[in-house]
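*Asks:* Contents of run22.cif (mmCIF, C-alpha atoms and all ligand atoms) are given next:
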data_work
#
loop_
_atom_site.group_PDB
_atom_site.id
_atom_site.type_symbol
_atom_site.label_atom_id
_atom_site.label_comp_id
_atom_site.auth_asym_id
_atom_site.auth_seq_id
_atom_site.Cartn_x
_atom_site.Cartn_y
_atom_site.Cartn_z
ATOM 1 C CA MET A 1 23.405 5.236 11.458
ATOM 2 C CA PRO A 2 21.195 5.537 8.322
ATOM 3 C CA THR A 3 18.009 7.563 8.598
ATOM 4 C CA GLN A 4 14.596 6.041 7.936
ATOM 5 C CA ASP A 5 14.498 7.827 4.561
ATOM 6 C CA GLU A 6 17.901 6.380 3.618
ATOM 7 C CA LEU A 7 16.643 2.902 4.503
ATOM 8 C CA LYS A 8 13.532 3.424 2.401
ATOM 9 C CA LEU A 9 15.754 4.406 -0.518
ATOM 10 C CA LEU A 10 17.898 1.280 -0.096
ATOM 11 C CA ALA A 11 14.816 -0.944 -0.204
ATOM 12 C CA ALA A 12 13.472 0.918 -3.246
ATOM 13 C CA LYS A 13 16.805 0.522 -5.038
ATOM 14 C CA ARG A 14 16.844 -3.229 -4.383
ATOM 15 C CA ALA A 15 13.378 -3.559 -5.912
ATOM 16 C CA LEU A 16 14.742 -2.208 -9.207
ATOM 17 C CA ASP A 17 16.659 -5.510 -9.572
ATOM 18 C CA PHE A 18 13.329 -7.215 -10.245
ATOM 19 C CA ILE A 19 12.421 -5.016 -13.221
ATOM 20 C CA GLN A 20 13.096 -6.274 -16.745
ATOM 21 C CA PRO A 21 12.553 -4.563 -20.119
ATOM 22 C CA GLY A 22 9.021 -4.985 -21.456
ATOM 23 C CA MET A 23 7.426 -5.495 -18.064
ATOM 24 C CA VAL A 24 4.204 -3.971 -16.840
ATOM 25 C CA VAL A 25 5.104 -2.541 -13.428
ATOM 26 C CA GLY A 26 2.577 -1.780 -10.699
ATOM 27 C CA LEU A 27 3.353 1.592 -9.137
ATOM 28 C CA GLY A 28 2.591 1.690 -5.422
ATOM 29 C CA SER A 29 1.807 4.717 -3.283
ATOM 30 C CA GLY A 30 3.410 6.402 -0.297
ATOM 31 C CA SER A 31 6.914 7.709 0.361
ATOM 32 C CA THR A 32 8.819 4.438 -0.204
ATOM 33 C CA ALA A 33 6.915 3.611 -3.383
ATOM 34 C CA THR A 34 7.528 7.186 -4.536
ATOM 35 C CA LEU A 35 11.280 6.653 -4.201
ATOM 36 C CA PHE A 36 10.940 3.515 -6.309
ATOM 37 C CA ILE A 37 8.918 5.343 -8.984
ATOM 38 C CA LYS A 38 11.574 8.069 -9.154
ATOM 39 C CA LEU A 39 14.336 5.477 -9.604
ATOM 40 C CA LEU A 40 12.252 3.692 -12.237
ATOM 41 C CA GLY A 41 11.664 7.020 -13.990
ATOM 42 C CA GLU A 42 15.441 7.559 -14.194
ATOM 43 C CA LYS A 43 15.813 4.138 -15.839
ATOM 44 C CA VAL A 44 13.034 4.950 -18.321
ATOM 45 C CA GLN A 45 14.785 8.215 -19.179
ATOM 46 C CA GLN A 46 17.915 6.127 -19.835
ATOM 47 C CA GLY A 47 15.971 3.983 -22.305
ATOM 48 C CA LEU A 48 14.289 1.220 -20.267
ATOM 49 C CA LYS A 49 11.002 0.274 -21.937
ATOM 50 C CA ILE A 50 8.314 -0.601 -19.408
ATOM 51 C CA ARG A 51 4.704 0.413 -18.787
ATOM 52 C CA GLY A 52 3.205 1.291 -15.410
ATOM 53 C CA ILE A 53 -0.166 0.708 -13.777
ATOM 54 C CA ALA A 54 -0.675 3.176 -10.950
ATOM 55 C CA SER A 55 -2.303 2.509 -7.575
ATOM 56 C CA SER A 56 -3.274 6.160 -7.027
ATOM 57 C CA GLU A 57 -3.793 9.431 -8.833
ATOM 58 C CA ASP A 58 -0.605 10.721 -7.156
ATOM 59 C CA SER A 59 1.501 7.836 -8.449
ATOM 60 C CA ALA A 60 -0.053 8.100 -11.912
ATOM 61 C CA LYS A 61 0.840 11.801 -12.065
ATOM 62 C CA LEU A 62 4.349 11.214 -10.765
ATOM 63 C CA GLY A 63 4.979 8.315 -13.140
ATOM 64 C CA ALA A 64 3.716 10.251 -16.160
ATOM 65 C CA SER A 65 5.792 13.312 -15.195
ATOM 66 C CA LEU A 66 8.893 11.102 -15.251
ATOM 67 C CA GLY A 67 8.106 9.668 -18.677
ATOM 68 C CA ILE A 68 6.718 6.304 -17.540
ATOM 69 C CA PRO A 69 3.862 5.305 -19.885
ATOM 70 C CA VAL A 70 1.007 4.878 -17.385
ATOM 71 C CA VAL A 71 -1.745 2.576 -18.643
ATOM 72 C CA GLY A 72 -4.944 1.073 -17.236
ATOM 73 C CA PHE A 73 -6.350 -2.440 -17.045
ATOM 74 C CA THR A 74 -7.813 -2.098 -20.535
ATOM 75 C CA GLU A 75 -4.268 -1.982 -21.934
ATOM 76 C CA ALA A 76 -2.790 -4.645 -19.634
ATOM 77 C CA THR A 77 -4.734 -7.094 -17.514
ATOM 78 C CA GLU A 78 -2.004 -7.726 -14.958
ATOM 79 C CA THR A 79 1.370 -6.441 -13.797
ATOM 80 C CA ASP A 80 4.553 -8.506 -13.968
ATOM 81 C CA VAL A 81 5.793 -6.897 -10.777
ATOM 82 C CA THR A 82 4.185 -4.407 -8.411
ATOM 83 C CA VAL A 83 6.314 -2.503 -5.906
ATOM 84 C CA ASP A 84 4.552 -0.874 -2.975
ATOM 85 C CA GLY A 85 5.159 0.143 0.628
ATOM 86 C CA ALA A 86 3.472 -0.992 3.837
ATOM 87 C CA ASP A 87 2.651 0.390 7.250
ATOM 88 C CA GLU A 88 3.202 -2.894 9.113
ATOM 89 C CA VAL A 89 4.676 -6.234 8.108
ATOM 90 C CA ALA A 90 3.973 -9.210 10.379
ATOM 91 C CA PRO A 91 4.901 -12.905 10.218
ATOM 92 C CA GLY A 92 3.409 -14.680 7.206
ATOM 93 C CA LEU A 93 3.816 -11.425 5.272
ATOM 94 C CA ALA A 94 0.537 -10.153 6.723
ATOM 95 C CA LEU A 95 0.383 -6.433 6.045
ATOM 96 C CA ILE A 96 -1.406 -3.291 7.079
ATOM 97 C CA LYS A 97 -1.538 -0.783 4.241
ATOM 98 C CA GLY A 98 -3.460 2.388 3.584
ATOM 99 C CA GLY A 99 -1.601 4.869 5.751
ATOM 100 C CA GLY A 100 -1.625 7.125 2.694
ATOM 101 C CA GLY A 101 -5.309 6.423 2.018
ATOM 102 C CA LYS A 102 -4.728 4.580 -1.256
ATOM 103 C CA LEU A 103 -5.554 1.061 -0.064
ATOM 104 C CA LEU A 104 -8.437 0.364 -2.459
ATOM 105 C CA ARG A 105 -6.541 0.866 -5.695
ATOM 106 C CA GLU A 106 -3.413 -0.594 -4.073
ATOM 107 C CA LYS A 107 -5.283 -3.802 -3.314
ATOM 108 C CA ILE A 108 -6.747 -3.924 -6.822
ATOM 109 C CA VAL A 109 -3.292 -3.540 -8.399
ATOM 110 C CA ALA A 110 -1.751 -6.020 -5.925
ATOM 111 C CA SER A 111 -4.462 -8.568 -6.740
ATOM 112 C CA ALA A 112 -3.579 -8.294 -10.439
ATOM 113 C CA SER A 113 0.171 -8.777 -9.925
ATOM 114 C CA LYS A 114 2.250 -11.779 -10.863
ATOM 115 C CA LYS A 115 4.749 -10.700 -8.202
ATOM 116 C CA PHE A 116 3.818 -8.292 -5.395
ATOM 117 C CA ILE A 117 6.910 -6.823 -3.744
ATOM 118 C CA ILE A 118 6.826 -4.720 -0.587
ATOM 119 C CA VAL A 119 9.621 -2.264 0.137
ATOM 120 C CA ALA A 120 10.036 -1.032 3.699
ATOM 121 C CA ASP A 121 12.453 0.137 6.322
ATOM 122 C CA SER A 122 12.904 -2.043 9.386
ATOM 123 C CA SER A 123 10.578 0.072 11.563
ATOM 124 C CA LYS A 124 7.646 -1.506 9.706
ATOM 125 C CA VAL A 125 8.342 -5.040 10.929
ATOM 126 C CA VAL A 126 6.129 -6.117 13.848
ATOM 127 C CA LYS A 127 5.375 -9.356 15.660
ATOM 128 C CA LYS A 128 1.624 -8.683 15.582
ATOM 129 C CA LEU A 129 -0.415 -6.301 13.419
ATOM 130 C CA GLY A 130 -2.468 -3.522 14.964
ATOM 131 C CA LYS A 131 -0.261 -0.882 16.536
ATOM 132 C CA PHE A 132 -0.777 1.105 13.334
ATOM 133 C CA LYS A 133 -4.459 1.998 13.072
ATOM 134 C CA LEU A 134 -6.202 -0.085 10.432
ATOM 135 C CA PRO A 135 -7.484 2.071 7.544
ATOM 136 C CA ILE A 136 -10.941 1.140 6.268
ATOM 137 C CA GLU A 137 -12.440 2.779 3.175
ATOM 138 C CA VAL A 138 -16.187 3.379 3.532
ATOM 139 C CA ILE A 139 -18.992 4.783 1.400
ATOM 140 C CA PRO A 140 -19.703 8.255 2.874
ATOM 141 C CA MET A 141 -23.452 7.725 3.504
ATOM 142 C CA ALA A 142 -22.742 4.436 5.290
ATOM 143 C CA GLU A 143 -20.046 5.873 7.567
ATOM 144 C CA PRO A 144 -22.250 6.283 10.690
ATOM 145 C CA LEU A 145 -23.486 2.691 10.316
ATOM 146 C CA VAL A 146 -20.028 1.244 9.757
ATOM 147 C CA SER A 147 -18.568 3.261 12.648
ATOM 148 C CA GLU A 148 -21.279 1.927 14.944
ATOM 149 C CA ARG A 149 -20.797 -1.672 13.785
ATOM 150 C CA LEU A 150 -17.066 -1.383 14.354
ATOM 151 C CA ARG A 151 -17.672 0.111 17.805
ATOM 152 C CA ALA A 152 -20.049 -2.765 18.650
ATOM 153 C CA LEU A 153 -17.283 -5.204 17.735
ATOM 154 C CA GLY A 154 -14.973 -3.350 20.134
ATOM 155 C CA TYR A 155 -13.048 -1.443 17.476
ATOM 156 C CA PRO A 156 -13.320 2.323 17.909
ATOM 157 C CA SER A 157 -12.567 4.373 14.810
ATOM 158 C CA SER A 158 -12.318 7.954 13.661
ATOM 159 C CA ILE A 159 -12.833 9.605 10.286
ATOM 160 C CA ARG A 160 -9.492 10.533 8.732
ATOM 161 C CA GLN A 161 -8.962 14.250 8.243
ATOM 162 C CA ALA A 162 -7.208 15.886 5.286
ATOM 163 C CA LYS A 163 -3.706 17.099 6.137
ATOM 164 C CA ASP A 164 -4.470 20.589 4.771
ATOM 165 C CA GLY A 165 -7.261 21.050 7.315
ATOM 166 C CA SER A 166 -9.951 21.175 4.615
ATOM 167 C CA GLY A 167 -12.145 18.561 6.332
ATOM 168 C CA ASN A 168 -12.546 14.826 5.845
ATOM 169 C CA TYR A 169 -9.899 13.080 3.759
ATOM 170 C CA ILE A 170 -11.504 11.947 0.485
ATOM 171 C CA THR A 171 -10.063 8.960 -1.368
ATOM 172 C CA ASP A 172 -9.388 8.738 -5.112
ATOM 173 C CA GLU A 173 -12.771 6.985 -5.388
ATOM 174 C CA GLY A 174 -14.632 9.670 -3.399
ATOM 175 C CA ASN A 175 -14.948 7.676 -0.183
ATOM 176 C CA LEU A 176 -13.977 8.231 3.470
ATOM 177 C CA ILE A 177 -11.291 6.487 5.482
ATOM 178 C CA LEU A 178 -12.036 5.254 8.996
ATOM 179 C CA ASP A 179 -8.880 4.706 11.026
ATOM 180 C CA CYS A 180 -9.846 1.817 13.221
ATOM 181 C CA ASP A 181 -8.112 0.869 16.433
ATOM 182 C CA PRO A 182 -8.473 -2.821 17.246
ATOM 183 C CA THR A 183 -5.410 -2.297 19.590
ATOM 184 C CA GLN A 184 -3.767 -5.513 18.489
ATOM 185 C CA ILE A 185 -5.002 -7.911 15.858
ATOM 186 C CA ASP A 186 -4.788 -11.449 17.234
ATOM 187 C CA ASP A 187 -6.482 -13.035 14.240
ATOM 188 C CA PRO A 188 -6.077 -10.938 11.075
ATOM 189 C CA THR A 189 -7.914 -13.515 8.946
ATOM 190 C CA ALA A 190 -10.991 -13.404 11.176
ATOM 191 C CA LEU A 191 -10.990 -9.601 11.276
ATOM 192 C CA ALA A 192 -10.590 -9.413 7.483
ATOM 193 C CA ALA A 193 -13.559 -11.779 7.100
ATOM 194 C CA GLN A 194 -15.702 -9.580 9.374
ATOM 195 C CA LEU A 195 -14.775 -6.462 7.416
ATOM 196 C CA ASP A 196 -15.253 -8.173 4.045
ATOM 197 C CA THR A 197 -18.900 -8.810 4.892
ATOM 198 C CA MET A 198 -19.658 -5.421 6.446
ATOM 199 C CA VAL A 199 -21.964 -3.555 4.067
ATOM 200 C CA GLY A 200 -20.707 -0.040 3.414
ATOM 201 C CA VAL A 201 -17.063 -1.058 3.736
ATOM 202 C CA VAL A 202 -15.455 -0.753 0.312
ATOM 203 C CA GLU A 203 -12.059 -2.175 1.314
ATOM 204 C CA HIS A 204 -9.758 -2.482 4.300
ATOM 205 C CA GLY A 205 -6.024 -2.263 4.790
ATOM 206 C CA LEU A 206 -5.387 -5.893 5.761
ATOM 207 C CA PHE A 207 -3.379 -7.400 2.894
ATOM 208 C CA LEU A 208 -3.177 -11.091 3.749
ATOM 209 C CA GLY A 209 -1.568 -13.738 1.562
ATOM 210 C CA MET A 210 -0.839 -11.145 -1.111
ATOM 211 C CA ALA A 211 2.864 -10.271 -0.800
ATOM 212 C CA ASP A 212 5.326 -12.533 -2.617
ATOM 213 C CA LEU A 213 8.427 -10.781 -1.315
ATOM 214 C CA VAL A 214 9.135 -8.163 1.348
ATOM 215 C CA LEU A 215 12.409 -6.235 1.115
ATOM 216 C CA VAL A 216 13.244 -4.743 4.494
ATOM 217 C CA ALA A 217 16.175 -2.363 4.733
ATOM 218 C CA GLY A 218 17.845 -2.368 8.135
ATOM 219 C CA GLU A 219 21.027 -0.766 9.437
ATOM 220 C CA ASP A 220 23.315 -3.517 8.165
ATOM 221 C CA ALA A 221 21.523 -5.284 5.336
ATOM 222 C CA ILE A 222 18.405 -5.779 3.304
ATOM 223 C CA THR A 223 16.466 -8.793 4.495
ATOM 224 C CA GLU A 224 14.247 -10.616 2.031
ATOM 225 C CA TYR A 225 11.121 -12.230 3.469
ATOM 226 C CA THR A 226 9.123 -14.708 1.417
ATOM 227 C CA PRO A 227 5.888 -16.501 2.415
HETATM 228 C C1 LIG A 301 -0.532 4.121 1.115
HETATM 229 C C2 LIG A 301 0.205 2.962 1.649
HETATM 230 C C3 LIG A 301 1.673 3.101 1.804
HETATM 231 O O1 LIG A 301 2.303 2.158 1.012
HETATM 232 C C4 LIG A 301 2.015 2.902 3.246
HETATM 233 O O2 LIG A 301 1.293 3.867 4.000
HETATM 234 C C5 LIG A 301 3.518 3.074 3.508
HETATM 235 O O3 LIG A 301 3.879 4.391 3.256
HETATM 236 P P1 LIG A 301 5.355 4.917 3.431
HETATM 237 O O4 LIG A 301 6.196 4.251 2.408
HETATM 238 O O5 LIG A 301 5.216 6.407 3.201
HETATM 239 O O6 LIG A 301 5.797 4.619 4.844
HETATM 240 O O7 LIG A 301 -0.333 1.932 1.950
HETATM 241 O O8 LIG A 301 -1.925 3.906 1.135
#
In structure tokens, what does this structure look like?
Ligand code: 5RP
*Replies:*
Amino acid sequence: MPTQDELKLLAAKRALDFIQPGMVVGLGSGSTATLFIKLLGEKVQQGLKIRGIASSEDSAKLGASLGIPVVGFTEATETDVTVDGADEVAPGLALIKGGGGKLLREKIVASASKKFIIVADSSKVVKKLGKFKLPIEVIPMAEPLVSERLRALGYPSSIRQAKDGSGNYITDEGNLILDCDPTQIDDPTALAAQLDTMVGVVEHGLFLGMADLVLVAGEDAITEYTP
């Protein structure tokens, strides 16, 4: 039986089929997107001409180290294809993202993509979003207010900690991440609307109506989900 990492690699490999010479490619973040960037880097080293727009400092560094010309939105206003991972994929291609803390730039890059492709192993597919805690990026000084507002709505949250034990996790934009536990999200659209209007919230990990294609690698096959 393939491991989860082998399934992630299969999904990442399939996403390469969507890359054509001359494209601007959005580089996602997280372990599955990293596998894709490494495969793309190999193709670039073999002569494929593309440019990348990165969704995190980590992905920008990785892409550049592999020889992918990494540009910003001043050089290209949109990506032809963006390939990124997800923490949960629910019916309607509703996603939770941000497990790696990169959701703000990921959403910006996704919003500027002609085709937004998600690569995932089958463990990410759920009937309803919310088992994975919803990451919410907040302005540091507003954190106590946002935490309290979330609590009042019935959604307890905790400030994400850095893995190296150095304290709070700090995003690429210098903000905090609240991992929010709405237990299960019955109405993602309504929750997204509440979060969109909460002052102090910079962005949240609900990606609704954004994915054009989800490539899910399972034991026997890769399943393609479209909206
Ligand atoms: C990072 C993300 C990742 O794409 C998401 O967490 C999935 O990661 P992985 O491929 O490592 O399971 O949203 O902010």
*Asks:* So, with all atoms listed in the file as the atoms that count, which of A:Ala112, A:Leu178, A:Ala76, A:Ile117 lies closest to Ile19 of chain A?
*Replies:*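 For Ile19 of chain A, the nearest of the given residues is A:Ile117.
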*Asks:* How would you report the residues lying within 9 Å of ligand LIG 301 (chain A), as a PyMOL selection string, if you count all atoms listed in the file?
*Replies:* chain A and resi 8+28-35+55-56+84-88+96-106+118-121+124+135+205
*Asks:* Can you list, as a list of chain:residue names, the residues that the PyMOL selection byres (((chain A and resi 64) around 12) and not hetatm) selects here?
*Replies:* A:Leu27, A:Ile37, A:Lys38, A:Leu40, A:Gly41, A:Val44, A:Gln45, A:Arg51, A:Gly52, A:Ile53, A:Ala54, A:Glu57, A:Asp58, A:Ser59, A:Ala60, A:Lys61, A:Leu62, A:Gly63, A:Ser65, A:Leu66, A:Gly67, A:Ile68, A:Pro69, A:Val70, A:Val71
*Asks:* Residues as selected, C-alpha atoms, written as a JSON list (two decimals), in the coordinates of the input, can you do that?
*Replies:*
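The file below, again.json, is the result:
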[["chain", "number", "residue", "atom", "x", "y", "z"],
["A", 27, "LEU", "CA", 3.35, 1.59, -9.14],
["A", 37, "ILE", "CA", 8.92, 5.34, -8.98],
["A", 38, "LYS", "CA", 11.57, 8.07, -9.15],
["A", 40, "LEU", "CA", 12.25, 3.69, -12.24],
["A", 41, "GLY", "CA", 11.66, 7.02, -13.99],
["A", 44, "VAL", "CA", 13.03, 4.95, -18.32],
["A", 45, "GLN", "CA", 14.78, 8.22, -19.18],
["A", 51, "ARG", "CA", 4.70, 0.41, -18.79],
["A", 52, "GLY", "CA", 3.20, 1.29, -15.41],
["A", 53, "ILE", "CA", -0.17, 0.71, -13.78],
["A", 54, "ALA", "CA", -0.68, 3.18, -10.95],
["A", 57, "GLU", "CA", -3.79, 9.43, -8.83],
["A", 58, "ASP", "CA", -0.60, 10.72, -7.16],
["A", 59, "SER", "CA", 1.50, 7.84, -8.45],
["A", 60, "ALA", "CA", -0.05, 8.10, -11.91],
["A", 61, "LYS", "CA", 0.84, 11.80, -12.06],
["A", 62, "LEU", "CA", 4.35, 11.21, -10.76],
["A", 63, "GLY", "CA", 4.98, 8.32, -13.14],
["A", 65, "SER", "CA", 5.79, 13.31, -15.20],
["A", 66, "LEU", "CA", 8.89, 11.10, -15.25],
["A", 67, "GLY", "CA", 8.11, 9.67, -18.68],
["A", 68, "ILE", "CA", 6.72, 6.30, -17.54],
["A", 69, "PRO", "CA", 3.86, 5.30, -19.89],
["A", 70, "VAL", "CA", 1.01, 4.88, -17.39],
["A", 71, "VAL", "CA", -1.74, 2.58, -18.64]]
*Asks:* May I ask which of the residues A:Val216, A:Gly47, A:Ala110, A:Glu148 is the closest one to Val126 of chain A, counting only C-alpha atoms?
*Replies:*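 Looking only at the distances to Val126 of chain A, the closest residue turns out to be A:Val216.
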*Asks:* One decimal, in Å: what's the spacing between atom CA of Gly200 of chain A and atom CA of Lys131 of chain A?
*Replies:*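 Atom CA of Lys131 of chain A lies at a distance of 24.3 Å from atom CA of Gly200 of chain A.
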*Asks:* Any chance you could resolve the PyMOL selection byres (((chain A and resi 169-177) around 6) and not hetatm) against this file and give the residues as a list in words?
*Replies:* Ile136, Glu137, Val138, Ile139, Pro140, Ile159, Arg160, Gln161, Ala162, Asn168 and Leu178 of chain A
*Asks:* Fix up segment 173-190 of chain A with N, CA and C atoms, then write it as a compact mmCIF listing (two decimals), in the coordinates of the input.
*Replies:*
# COMPACT_ATOMS: atom_id res chain seq x y z
N GLU A 173 -11.46 7.45 -4.93
CA GLU A 173 -12.77 6.98 -5.39
C GLU A 173 -13.91 7.74 -4.71
N GLY A 174 -13.59 8.83 -4.00
CA GLY A 174 -14.63 9.67 -3.40
C GLY A 174 -15.20 9.14 -2.10
N ASN A 175 -14.47 8.26 -1.44
CA ASN A 175 -14.95 7.68 -0.18
C ASN A 175 -14.21 8.26 1.03
N LEU A 176 -14.63 7.81 2.22
CA LEU A 176 -13.98 8.23 3.47
C LEU A 176 -13.06 7.12 3.95
N ILE A 177 -12.11 7.49 4.81
CA ILE A 177 -11.29 6.49 5.48
C ILE A 177 -11.60 6.53 6.98
N LEU A 178 -11.94 5.38 7.54
CA LEU A 178 -12.04 5.25 9.00
C LEU A 178 -10.74 4.64 9.48
N ASP A 179 -10.07 5.30 10.41
CA ASP A 179 -8.88 4.71 11.03
C ASP A 179 -9.36 3.99 12.28
N CYS A 180 -9.23 2.68 12.22
CA CYS A 180 -9.85 1.82 13.22
C CYS A 180 -8.77 1.31 14.17
N ASP A 181 -9.12 1.25 15.45
CA ASP A 181 -8.11 0.87 16.43
C ASP A 181 -8.50 -0.42 17.16
N PRO A 182 -8.16 -1.57 16.56
CA PRO A 182 -8.47 -2.82 17.25
C PRO A 182 -7.41 -3.17 18.31
N THR A 183 -6.58 -2.20 18.68
CA THR A 183 -5.41 -2.30 19.59
C THR A 183 -4.38 -3.30 19.08
N GLN A 184 -4.65 -4.60 19.21
CA GLN A 184 -3.77 -5.51 18.49
C GLN A 184 -4.62 -6.58 17.83
N ILE A 185 -4.17 -7.00 16.65
CA ILE A 185 -5.00 -7.91 15.86
C ILE A 185 -4.49 -9.34 16.08
N ASP A 186 -5.23 -10.08 16.92
CA ASP A 186 -4.79 -11.45 17.23
C ASP A 186 -5.03 -12.38 16.06
N ASP A 187 -6.12 -12.14 15.34
CA ASP A 187 -6.48 -13.04 14.24
C ASP A 187 -6.83 -12.19 13.01
N PRO A 188 -5.82 -11.80 12.23
CA PRO A 188 -6.08 -10.94 11.08
C PRO A 188 -7.06 -11.54 10.09
N THR A 189 -7.02 -12.87 9.91
CA THR A 189 -7.91 -13.52 8.95
C THR A 189 -9.37 -13.36 9.38
N ALA A 190 -9.62 -13.53 10.67
CA ALA A 190 -10.99 -13.40 11.18
C ALA A 190 -11.47 -11.96 11.06
